[in-house]
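Below is the file work_39.pdb, which contains PDB, C-alpha atoms and all ligand atoms.
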ATOM      1  CA  MET A 166       0.000   0.000   0.000
ATOM      2  CA  ASN A 167       1.577   3.243  -1.117
ATOM      3  CA  LYS A 168       0.461   6.437   0.378
ATOM      4  CA  ILE A 169       3.189   9.058   0.589
ATOM      5  CA  PHE A 170       4.817   9.850  -2.726
ATOM      6  CA  ALA A 171       7.967  11.896  -3.356
ATOM      7  CA  PHE A 172       7.939  13.570  -6.772
ATOM      8  CA  CYS A 173      11.598  13.541  -7.455
ATOM      9  CA  ASN A 174      14.095  14.271 -10.216
ATOM     10  CA  GLN A 175      17.258  16.250  -9.625
ATOM     11  CA  LYS A 176      16.971  17.634 -13.131
ATOM     12  CA  GLY A 177      15.398  21.084 -13.094
ATOM     13  CA  GLY A 178      12.266  22.068 -14.959
ATOM     14  CA  VAL A 179      11.028  18.571 -15.845
ATOM     15  CA  GLY A 180       7.512  19.069 -14.473
ATOM     16  CA  LYS A 181       7.811  17.950 -10.826
ATOM     17  CA  THR A 182       5.845  20.873  -9.438
ATOM     18  CA  THR A 183       3.244  20.940 -12.212
ATOM     19  CA  THR A 184       2.683  17.210 -11.812
ATOM     20  CA  THR A 185       2.512  17.218  -8.008
ATOM     21  CA  LEU A 186       0.066  20.104  -8.088
ATOM     22  CA  ASN A 187      -2.215  18.767 -10.794
ATOM     23  CA  LEU A 188      -2.220  15.142  -9.659
ATOM     24  CA  GLY A 189      -2.868  16.237  -6.076
ATOM     25  CA  THR A 190      -5.699  18.520  -7.132
ATOM     26  CA  ALA A 191      -7.203  15.955  -9.509
ATOM     27  CA  LEU A 192      -7.105  13.292  -6.787
ATOM     28  CA  ALA A 193      -8.877  15.707  -4.428
ATOM     29  CA  ILE A 194     -11.510  16.495  -7.065
ATOM     30  CA  MET A 195     -12.013  12.738  -7.445
ATOM     31  CA  GLY A 196     -12.845  12.626  -3.746
ATOM     32  CA  HIS A 197      -9.537  11.539  -2.209
ATOM     33  CA  ARG A 198      -8.353  13.510   0.792
ATOM     34  CA  SER A 199      -5.043  14.769  -0.469
ATOM     35  CA  LEU A 200      -2.158  16.663   1.041
ATOM     36  CA  ILE A 201       0.591  18.297  -0.964
ATOM     37  CA  ILE A 202       3.835  19.012   0.864
ATOM     38  CA  ASP A 203       5.965  21.697  -0.746
ATOM     39  CA  ALA A 204       9.550  20.703   0.000
ATOM     40  CA  ASP A 205      11.167  23.100  -2.466
ATOM     41  CA  PRO A 206      12.467  26.536  -1.370
ATOM     42  CA  GLN A 207      11.274  27.900  -4.721
ATOM     43  CA  ALA A 208       7.763  27.426  -3.255
ATOM     44  CA  ASN A 209       6.217  27.091  -6.713
ATOM     45  CA  THR A 210       3.664  24.555  -5.522
ATOM     46  CA  THR A 211       2.579  26.895  -2.756
ATOM     47  CA  SER A 212       2.057  29.842  -5.081
ATOM     48  CA  GLY A 213       0.683  27.566  -7.823
ATOM     49  CA  ILE A 214      -2.286  26.648  -5.610
ATOM     50  CA  GLY A 215      -2.905  30.300  -4.813
ATOM     51  CA  VAL A 216      -1.329  30.584  -1.377
ATOM     52  CA  ASP A 217       0.505  33.840  -0.757
ATOM     53  CA  VAL A 218       3.997  32.768   0.331
ATOM     54  CA  THR A 219       4.524  36.005   2.234
ATOM     55  CA  SER A 220       1.606  35.393   4.595
ATOM     56  CA  ILE A 221       2.428  31.891   5.768
ATOM     57  CA  LYS A 222       2.876  31.454   9.488
ATOM     58  CA  ASN A 223       3.879  27.812   9.661
ATOM     59  CA  SER A 224       5.692  26.172   6.773
ATOM     60  CA  ILE A 225       7.633  22.998   6.120
ATOM     61  CA  TYR A 226      10.674  24.880   7.401
ATOM     62  CA  ASN A 227       9.077  25.396  10.812
ATOM     63  CA  ILE A 228       8.308  21.671  10.948
ATOM     64  CA  ILE A 229      11.929  20.805  10.147
ATOM     65  CA  THR A 230      13.258  23.151  12.808
ATOM     66  CA  GLY A 231      10.783  21.834  15.379
ATOM     67  CA  GLU A 232       9.072  25.207  15.789
ATOM     68  CA  CYS A 233       5.664  23.694  15.053
ATOM     69  CA  GLU A 234       3.944  20.339  14.777
ATOM     70  CA  ALA A 235       3.259  19.070  11.261
ATOM     71  CA  VAL A 236      -0.477  19.363  11.840
ATOM     72  CA  GLN A 237      -0.129  23.070  12.628
ATOM     73  CA  ALA A 238       1.321  23.764   9.192
ATOM     74  CA  VAL A 239      -1.467  22.105   7.210
ATOM     75  CA  VAL A 240      -3.485  24.676   5.308
ATOM     76  CA  LYS A 241      -6.829  23.994   3.683
ATOM     77  CA  THR A 242      -6.892  25.168   0.090
ATOM     78  CA  SER A 243      -9.906  26.474  -1.773
ATOM     79  CA  VAL A 244     -10.269  23.028  -3.367
ATOM     80  CA  ASP A 245     -12.408  20.710  -1.286
ATOM     81  CA  GLN A 246     -10.375  17.778   0.089
ATOM     82  CA  LEU A 247      -7.061  19.406  -0.872
ATOM     83  CA  PHE A 248      -4.596  20.567   1.764
ATOM     84  CA  ILE A 249      -1.075  21.871   1.597
ATOM     85  CA  ILE A 250       1.936  22.239   3.834
ATOM     86  CA  PRO A 251       3.399  25.354   2.245
ATOM     87  CA  ALA A 252       6.986  26.429   1.771
ATOM     88  CA  ASN A 253       8.662  29.771   1.526
ATOM     89  CA  GLN A 254      12.186  31.033   1.088
ATOM     90  CA  ASP A 255      13.064  30.188   4.691
ATOM     91  CA  LEU A 256      13.490  26.654   3.421
ATOM     92  CA  ILE A 257      16.737  27.657   1.712
ATOM     93  CA  GLY A 258      18.325  27.514   5.168
ATOM     94  CA  ALA A 259      16.975  24.066   5.944
ATOM     95  CA  GLU A 260      19.701  22.111   4.155
ATOM     96  CA  VAL A 261      22.327  23.824   6.290
ATOM     97  CA  GLU A 262      20.384  23.296   9.504
ATOM     98  CA  LEU A 263      19.666  19.679   8.664
ATOM     99  CA  ALA A 264      23.346  19.045   7.969
ATOM    100  CA  SER A 265      24.194  19.300  11.651
ATOM    101  CA  ALA A 266      21.055  17.619  12.985
ATOM    102  CA  ILE A 267      21.249  14.212  14.626
ATOM    103  CA  GLY A 268      19.448  11.680  12.424
ATOM    104  CA  ARG A 269      19.319  14.317   9.743
ATOM    105  CA  GLU A 270      17.706  12.106   7.088
ATOM    106  CA  PHE A 271      14.833  11.207   9.443
ATOM    107  CA  VAL A 272      13.693  14.645  10.560
ATOM    108  CA  LEU A 273      10.680  14.855   8.231
ATOM    109  CA  ARG A 274       9.668  11.259   8.841
ATOM    110  CA  GLU A 275       9.628  11.755  12.576
ATOM    111  CA  ALA A 276       7.685  14.978  12.259
ATOM    112  CA  CYS A 277       5.204  14.023   9.546
ATOM    113  CA  SER A 278       4.441  10.302   9.682
ATOM    114  CA  GLY A 279       1.433  11.011  11.930
ATOM    115  CA  LEU A 280      -0.226  12.779   8.987
ATOM    116  CA  LYS A 281      -0.642   9.435   7.227
ATOM    117  CA  ASP A 282      -3.830   8.705   9.120
ATOM    118  CA  GLU A 283      -5.404  11.934   7.918
ATOM    119  CA  PHE A 284      -5.049  11.630   4.152
ATOM    120  CA  ASP A 285      -5.597   9.178   1.313
ATOM    121  CA  PHE A 286      -2.676  10.577  -0.632
ATOM    122  CA  ILE A 287       0.283  12.691   0.414
ATOM    123  CA  LEU A 288       2.366  14.098  -2.445
ATOM    124  CA  ILE A 289       5.725  15.763  -1.834
ATOM    125  CA  ASP A 290       7.182  18.184  -4.366
ATOM    126  CA  CYS A 291      10.967  17.851  -4.145
ATOM    127  CA  PRO A 292      13.584  20.424  -5.145
ATOM    128  CA  PRO A 293      15.817  19.841  -8.183
ATOM    129  CA  SER A 294      18.679  18.285  -6.224
ATOM    130  CA  LEU A 295      19.503  15.135  -4.316
ATOM    131  CA  GLY A 296      20.333  17.045  -1.135
ATOM    132  CA  LEU A 297      19.007  16.577   2.370
ATOM    133  CA  LEU A 298      15.519  17.900   1.626
ATOM    134  CA  THR A 299      15.044  15.284  -1.082
ATOM    135  CA  LEU A 300      16.561  12.561   1.123
ATOM    136  CA  ASN A 301      14.173  13.514   3.927
ATOM    137  CA  ALA A 302      11.264  13.320   1.482
ATOM    138  CA  LEU A 303      12.375   9.875   0.279
ATOM    139  CA  VAL A 304      12.763   8.583   3.828
ATOM    140  CA  LEU A 305       9.248   9.784   4.677
ATOM    141  CA  SER A 306       7.719   8.310   1.500
ATOM    142  CA  ASP A 307       6.349   4.935   0.493
ATOM    143  CA  ALA A 308       7.229   5.501  -3.147
ATOM    144  CA  ILE A 309       9.152   7.720  -5.500
ATOM    145  CA  VAL A 310       7.380   9.139  -8.553
ATOM    146  CA  ILE A 311       9.653  10.335 -11.337
ATOM    147  CA  PRO A 312       8.450  13.025 -13.727
ATOM    148  CA  LEU A 313      10.431  12.869 -16.969
ATOM    149  CA  GLN A 314      10.361  15.487 -19.673
ATOM    150  CA  CYS A 315       9.985  14.098 -23.204
ATOM    151  CA  GLU A 316      13.238  15.502 -24.539
ATOM    152  CA  TYR A 317      16.545  14.238 -25.813
ATOM    153  CA  TYR A 318      18.242  14.309 -22.414
ATOM    154  CA  ALA A 319      15.313  12.751 -20.547
ATOM    155  CA  LEU A 320      17.276   9.762 -19.283
ATOM    156  CA  GLU A 321      20.370  11.758 -18.437
ATOM    157  CA  GLY A 322      20.999  11.781 -14.696
ATOM    158  CA  LEU A 323      18.554   8.949 -14.148
ATOM    159  CA  SER A 324      21.275   6.509 -13.120
ATOM    160  CA  GLN A 325      22.267   8.883 -10.327
ATOM    161  CA  LEU A 326      18.630   9.204  -9.263
ATOM    162  CA  MET A 327      18.186   5.424  -9.283
ATOM    163  CA  ARG A 328      21.410   4.985  -7.292
ATOM    164  CA  THR A 329      20.070   7.382  -4.688
ATOM    165  CA  PHE A 330      16.759   5.505  -4.672
ATOM    166  CA  GLN A 331      18.608   2.186  -4.092
ATOM    167  CA  LEU A 332      20.797   3.623  -1.348
ATOM    168  CA  VAL A 333      17.810   5.099   0.473
ATOM    169  CA  LYS A 334      15.955   1.808   0.120
ATOM    170  CA  GLU A 335      18.893  -0.256   1.413
ATOM    171  CA  ARG A 336      19.974   1.981   4.253
ATOM    172  CA  LEU A 337      17.221   4.345   5.297
ATOM    173  CA  ASN A 338      13.769   3.255   4.129
ATOM    174  CA  ARG A 339      13.291  -0.388   3.134
ATOM    175  CA  LYS A 340       9.692   0.035   2.053
ATOM    176  CA  LEU A 341      10.493   2.638  -0.613
ATOM    177  CA  GLU A 342       9.222   1.605  -4.048
ATOM    178  CA  ILE A 343       8.933   3.087  -7.498
ATOM    179  CA  GLY A 344       5.429   4.495  -7.566
ATOM    180  CA  GLY A 345       5.512   5.469 -11.210
ATOM    181  CA  VAL A 346       7.172   7.392 -13.978
ATOM    182  CA  ILE A 347       5.173  10.151 -15.605
ATOM    183  CA  LEU A 348       6.113  11.597 -18.974
ATOM    184  CA  THR A 349       5.607  15.334 -19.306
ATOM    185  CA  MET A 350       5.729  18.082 -21.925
ATOM    186  CA  ALA A 351       5.252  15.706 -24.835
ATOM    187  CA  ASP A 352       5.143  17.276 -28.265
ATOM    188  CA  PHE A 353       3.437  14.597 -30.304
ATOM    189  CA  ARG A 354       4.307  16.306 -33.577
ATOM    190  CA  THR A 355       7.924  15.281 -33.226
ATOM    191  CA  ASN A 356       9.528  11.879 -33.734
ATOM    192  CA  LEU A 357      11.761  12.632 -30.791
ATOM    193  CA  THR A 358       8.861  12.583 -28.339
ATOM    194  CA  GLN A 359       7.757   9.131 -29.539
ATOM    195  CA  GLN A 360      11.332   7.894 -29.375
ATOM    196  CA  VAL A 361      11.732   9.130 -25.794
ATOM    197  CA  ILE A 362       8.403   7.571 -24.800
ATOM    198  CA  ASP A 363       9.525   4.233 -26.298
ATOM    199  CA  ASP A 364      12.925   4.404 -24.589
ATOM    200  CA  VAL A 365      11.423   5.248 -21.214
ATOM    201  CA  ARG A 366       8.828   2.467 -21.494
ATOM    202  CA  LYS A 367      11.601  -0.009 -22.386
ATOM    203  CA  HIS A 368      13.614   1.128 -19.396
ATOM    204  CA  PHE A 369      10.850   1.328 -16.778
ATOM    205  CA  THR A 370       8.343  -1.124 -18.336
ATOM    206  CA  ASN A 371       4.958  -1.014 -16.614
ATOM    207  CA  ASN A 372       6.060   1.561 -14.065
ATOM    208  CA  VAL A 373       5.338   4.230 -16.675
ATOM    209  CA  LEU A 374       1.875   5.769 -16.517
ATOM    210  CA  GLN A 375      -0.069   5.319 -19.747
ATOM    211  CA  SER A 376      -1.256   8.890 -19.659
ATOM    212  CA  VAL A 377       1.415  11.149 -21.168
ATOM    213  CA  ILE A 378       1.154  14.863 -20.394
ATOM    214  CA  PRO A 379       1.294  17.010 -23.544
ATOM    215  CA  ARG A 380       3.120  20.295 -23.824
ATOM    216  CA  SER A 381       0.370  22.846 -23.382
ATOM    217  CA  VAL A 382       0.096  26.603 -23.153
ATOM    218  CA  LYS A 383      -2.783  26.248 -20.675
ATOM    219  CA  ILE A 384      -0.556  24.249 -18.313
ATOM    220  CA  SER A 385       2.183  26.855 -18.447
ATOM    221  CA  GLU A 386      -0.109  29.846 -17.923
ATOM    222  CA  ALA A 387      -2.213  28.336 -15.121
ATOM    223  CA  PRO A 388       0.302  29.074 -12.296
ATOM    224  CA  SER A 389       0.125  32.804 -12.974
ATOM    225  CA  PHE A 390      -3.561  32.588 -11.973
ATOM    226  CA  GLY A 391      -2.675  30.682  -8.792
ATOM    227  CA  LYS A 392      -4.475  27.624 -10.095
ATOM    228  CA  PRO A 393      -3.483  24.203 -11.362
ATOM    229  CA  VAL A 394      -4.637  23.603 -14.934
ATOM    230  CA  VAL A 395      -7.181  20.992 -13.783
ATOM    231  CA  ILE A 396      -9.063  23.928 -12.258
ATOM    232  CA  TYR A 397      -7.977  26.743 -14.545
ATOM    233  CA  ASP A 398      -9.189  24.945 -17.680
ATOM    234  CA  PRO A 399     -10.482  21.466 -16.797
ATOM    235  CA  SER A 400     -11.507  20.601 -20.346
ATOM    236  CA  SER A 401      -8.125  21.439 -21.890
ATOM    237  CA  LYS A 402      -5.965  18.617 -23.196
ATOM    238  CA  GLY A 403      -3.361  19.121 -20.507
ATOM    239  CA  ALA A 404      -5.950  19.010 -17.720
ATOM    240  CA  GLN A 405      -7.593  15.916 -19.203
ATOM    241  CA  ALA A 406      -4.206  14.193 -19.348
ATOM    242  CA  TYR A 407      -3.672  14.971 -15.664
ATOM    243  CA  PHE A 408      -7.153  13.686 -14.778
ATOM    244  CA  ASN A 409      -6.359  10.452 -16.654
ATOM    245  CA  ALA A 410      -3.019  10.201 -14.879
ATOM    246  CA  ALA A 411      -4.747  10.726 -11.526
ATOM    247  CA  ARG A 412      -7.244   7.955 -12.298
ATOM    248  CA  GLU A 413      -4.407   5.586 -13.174
ATOM    249  CA  PHE A 414      -2.490   6.677 -10.143
ATOM    250  CA  SER A 415      -5.376   6.034  -7.766
ATOM    251  CA  GLU A 416      -6.130   2.666  -9.390
ATOM    252  CA  ARG A 417      -2.495   1.576  -9.080
ATOM    253  CA  ASN A 418      -2.496   2.538  -5.462
ATOM    254  CA  ALA A 419      -6.001   1.448  -4.567
ATOM    255  CA  SER A 420      -6.215  -0.920  -1.656
ATOM    256  CA  SER A 421      -8.960  -2.227   0.521
ATOM    257  CA  GLU A 422      -6.708  -1.429   3.492
ATOM    258  CA  ARG A 423      -6.567   2.189   2.710
ATOM    259  CA  LYS A 424      -9.502   3.520   4.562
ATOM    260  CA  VAL A 425      -8.205   6.557   6.359
ATOM    261  CA  THR A 426      -9.549   7.357   9.756
ATOM    262  CA  PRO A 427      -8.999  11.089   9.941
ATOM    263  CA  LYS A 428      -9.057  12.612  13.366
ATOM    264  CA  THR A 429      -9.950  15.954  11.902
ATOM    265  CA  ASP A 430     -13.184  16.511  10.025
ATOM    266  CA  PHE A 431     -12.599  18.884   7.142
ATOM    267  CA  SER A 432     -15.677  18.042   5.142
ATOM    268  CA  LYS A 433     -18.024  20.472   6.866
ATOM    269  CA  SER A 434     -16.185  23.431   5.459
ATOM    270  CA  ALA A 435     -16.166  22.258   1.873
ATOM    271  CA  GLU A 436     -16.289  25.225  -0.441
ATOM    272  CA  GLU A 437     -16.330  26.015  -4.098
ATOM    273  CA  ILE A 438     -13.074  26.285  -5.935
ATOM    274  CA  SER A 439     -11.714  29.834  -5.885
ATOM    275  CA  PRO A 440     -11.481  32.549  -4.822
ATOM    276  CA  VAL A 441      -8.147  31.397  -3.576
ATOM    277  CA  SER A 442      -8.190  33.704  -0.582
ATOM    278  CA  LYS A 443     -10.568  31.339   1.129
ATOM    279  CA  SER A 444      -7.928  29.197   2.756
ATOM    280  CA  GLU A 445      -7.582  28.366   6.359
ATOM    281  CA  SER A 446      -5.387  26.275   8.539
ATOM    282  CA  LEU A 447      -6.054  22.865   9.898
ATOM    283  CA  GLU A 448      -4.978  24.184  13.249
ATOM    284  CA  SER A 449      -7.686  26.819  13.342
ATOM    285  CA  MET A 450     -10.260  24.224  12.328
ATOM    286  CA  GLN A 451      -9.145  21.962  15.126
ATOM    287  CA  SER A 452      -9.324  24.646  17.722
ATOM    288  CA  THR A 453     -12.641  26.026  16.512
ATOM    289  CA  GLY A 454     -14.381  22.710  15.935
ATOM    290  CA  SER A 455     -15.047  22.040  12.304
ATOM    291  CA  ASP A 456     -18.838  22.285  12.500
ATOM    292  CA  SER A 457     -18.713  25.922  13.298
ATOM    293  CA  VAL A 458     -16.013  26.902  10.853
ATOM    294  CA  LYS A 459     -17.047  29.317   8.153
ATOM    295  CA  VAL A 460     -14.402  29.486   5.505
ATOM    296  CA  GLY A 461     -12.937  32.931   5.265
ATOM    297  CA  GLU A 462     -13.924  33.985   8.787
ATOM    298  CA  GLU A 463     -10.444  33.205  10.035
ATOM    299  CA  ARG A 464      -8.865  35.204   7.267
ATOM    300  CA  GLY A 465      -7.606  37.788   9.676
ATOM    301  CA  GLU A 466      -6.070  35.224  11.982
ATOM    302  CA  GLU A 467      -2.378  34.603  12.048
ATOM    303  CA  ASN A 468      -2.537  31.189  10.442
ATOM    304  CA  ALA A 469      -4.948  32.008   7.668
ATOM    305  CA  VAL A 470      -3.364  32.590   4.314
ATOM    306  CA  SER A 471      -4.668  34.957   1.754
ATOM    307  CA  ARG A 472      -3.825  35.943  -1.697
TER     308      ARG A 472
HETATM  309  N1  LIG B 501       3.032  20.074 -19.940
HETATM  310  C1  LIG B 501       3.540  21.296 -19.931
HETATM  311  N2  LIG B 501       3.356  22.135 -20.981
HETATM  312  C2  LIG B 501       3.878  23.374 -20.976
HETATM  313  N3  LIG B 501       4.593  23.889 -19.983
HETATM  314  C3  LIG B 501       4.808  23.099 -18.902
HETATM  315  C4  LIG B 501       4.295  21.769 -18.830
HETATM  316  N4  LIG B 501       4.673  21.240 -17.630
HETATM  317  C5  LIG B 501       5.385  22.176 -17.001
HETATM  318  N5  LIG B 501       5.471  23.297 -17.764
HETATM  319  C6  LIG B 501       6.174  24.529 -17.441
HETATM  320  O1  LIG B 501       7.568  24.226 -17.426
HETATM  321  C7  LIG B 501       8.211  24.898 -16.368
HETATM  322  C8  LIG B 501       8.861  23.865 -15.444
HETATM  323  O2  LIG B 501       7.849  23.070 -14.874
HETATM  324  P1  LIG B 501       7.863  22.716 -13.317
HETATM  325  O3  LIG B 501       8.066  23.938 -12.510
HETATM  326  O4  LIG B 501       6.689  21.886 -13.039
HETATM  327  O5  LIG B 501       9.185  21.829 -13.271
HETATM  328  P2  LIG B 501      10.010  21.407 -11.995
HETATM  329  O6  LIG B 501      10.636  20.096 -12.305
HETATM  330  O7  LIG B 501       9.177  21.461 -10.770
HETATM  331  O8  LIG B 501      11.102  22.562 -11.936
HETATM  332  P3  LIG B 501      12.188  22.754 -10.756
HETATM  333  O9  LIG B 501      13.212  21.693 -10.998
HETATM  334  O10 LIG B 501      12.706  24.150 -10.968
HETATM  335  O11 LIG B 501      11.479  22.586  -9.459
HETATM  336  C9  LIG B 501       7.158  25.730 -15.681
HETATM  337  O12 LIG B 501       7.192  27.022 -16.205
HETATM  338  C10 LIG B 501       5.857  25.042 -16.058
HETATM  339  O13 LIG B 501       4.752  25.938 -16.091
HETATM  340 MG    MG B 502       9.534  22.481  -8.983
END

Spit out the file's structure as structure tokens when you get a sec.
Amino acid sequence: MNKIFAFCNQKGGVGKTTTTLNLGTALAIMGHRSLIIDADPQANTTSGIGVDVTSIKNSIYNIITGECEAVQAVVKTSVDQLFIIPANQDLIGAEVELASAIGREFVLREACSGLKDEFDFILIDCPPSLGLLTLNALVLSDAIVIPLQCEYYALEGLSQLMRTFQLVKERLNRKLEIGGVILTMADFRTNLTQQVIDDVRKHFTNNVLQSVIPRSVKISEAPSFGKPVVIYDPSSKGAQAYFNAAREFSERNASSERKVTPKTDFSKSAEEISPVSKSESLESMQSTGSDSVKVGEERGEENAVSR
């Protein structure tokens, strides 16, 4: 049973963030309680879901430094069933702080494994490196998901990534599996794209998701509206490809065991998608009692995020 997934590739710009964001959102729209953890100091996932990075009180950084509990950093997004642990630039300092921590590869696991009981899927967006943040994400996860861009150099650097995966599996996290490879930014007009798809399928066999994400203007412009494309333009080709990928993903990882028993009831505050300012923290819901929570009422509170 896989449940926590690290979206990982040390190569930059291959679609990690776009994929984490859109798969997470699509899974939530399909009714799965989903949490996205932004583990990248660039904080693109955080801004891509419409959370203002300057107004975050508790972030992944505060979890790593022990300044807050993981549950205190969970923020409800404007998408029903979708939650995020945001990041901001503070996270740049985390690698340095982790370097001197005892059990430095296990910090996130110790802090966040309790969240497993709250969500059907937890997706972690990793930075483009194989540093301590990525290692912490892999140690926390049940599976690695590898986004690969359909380009000539797609497989370059993969041996290093797979070596890291093996080392983590052997020494730090025996249960870690390959949860899937997802091909992104495909330009079906070119022979190269088909060649890359064939090569990757040969290499990773049935670990590769059938749904290939096309290169799409809608996908690239969606973040500037603080929305994943599956919300920004759900009927576009890119969004449909992500919905298909999410269906595959949930089927691959479906299990009769995986009935979550959340301690926190979020469902009472379900709201319509957008405006994005209507976000609130899990912490405030817990303290208020979810029945009485009106989304947006806590906007002025310290933990509420706004756009
Ligand atoms: N299918 C697509 N079609 C068009 N543009 C895309 C597509 N997927 C991603 N992009 C764009 O490509 C850029 C890189 O994507 P993204 O940020 O998801 O990659 P990343 O692997 O997370 O990058 P980094 O390594 O910097 O974290 C972004 O500007 C994004 O909007
Ligand atoms: Mg990214």

Output check: residues returned by the PyMOL selection byres (((chain A and resi 171) around 9) and not hetatm), as a list in words: Ile169, Phe170, Phe172, Cys173, Thr185, Ile287, Leu288, Ile289, Asp290, Cys291, Thr299, Ala302, Leu303, Leu305, Ser306, Asp307, Ala308, Ile309, Val310, Ile311 and Gly344 of chain A

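For the pair CA of Pro393 in chain A and CA of Leu186 in chain A, the interatomic distance is 6.3 Å.
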
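With CA of Thr355 in chain A on one side and atom C5 of ligand LIG 501 (chain B) on the other, the separation reads 17.8 Å.
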
Resolved residues for the PyMOL selection byres (((not hetatm)) within 10 of (chain B and resi 501)) as a VMD selection string: chain A and resid 172 to 187 204 to 210 213 290 to 294 311 to 315 348 to 352 377 to 389 393 to 394 402 to 404 406 to 407

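The coordinates place CA of Ile347 in chain A at 22.3 Å from CA of Phe284 in chain A.
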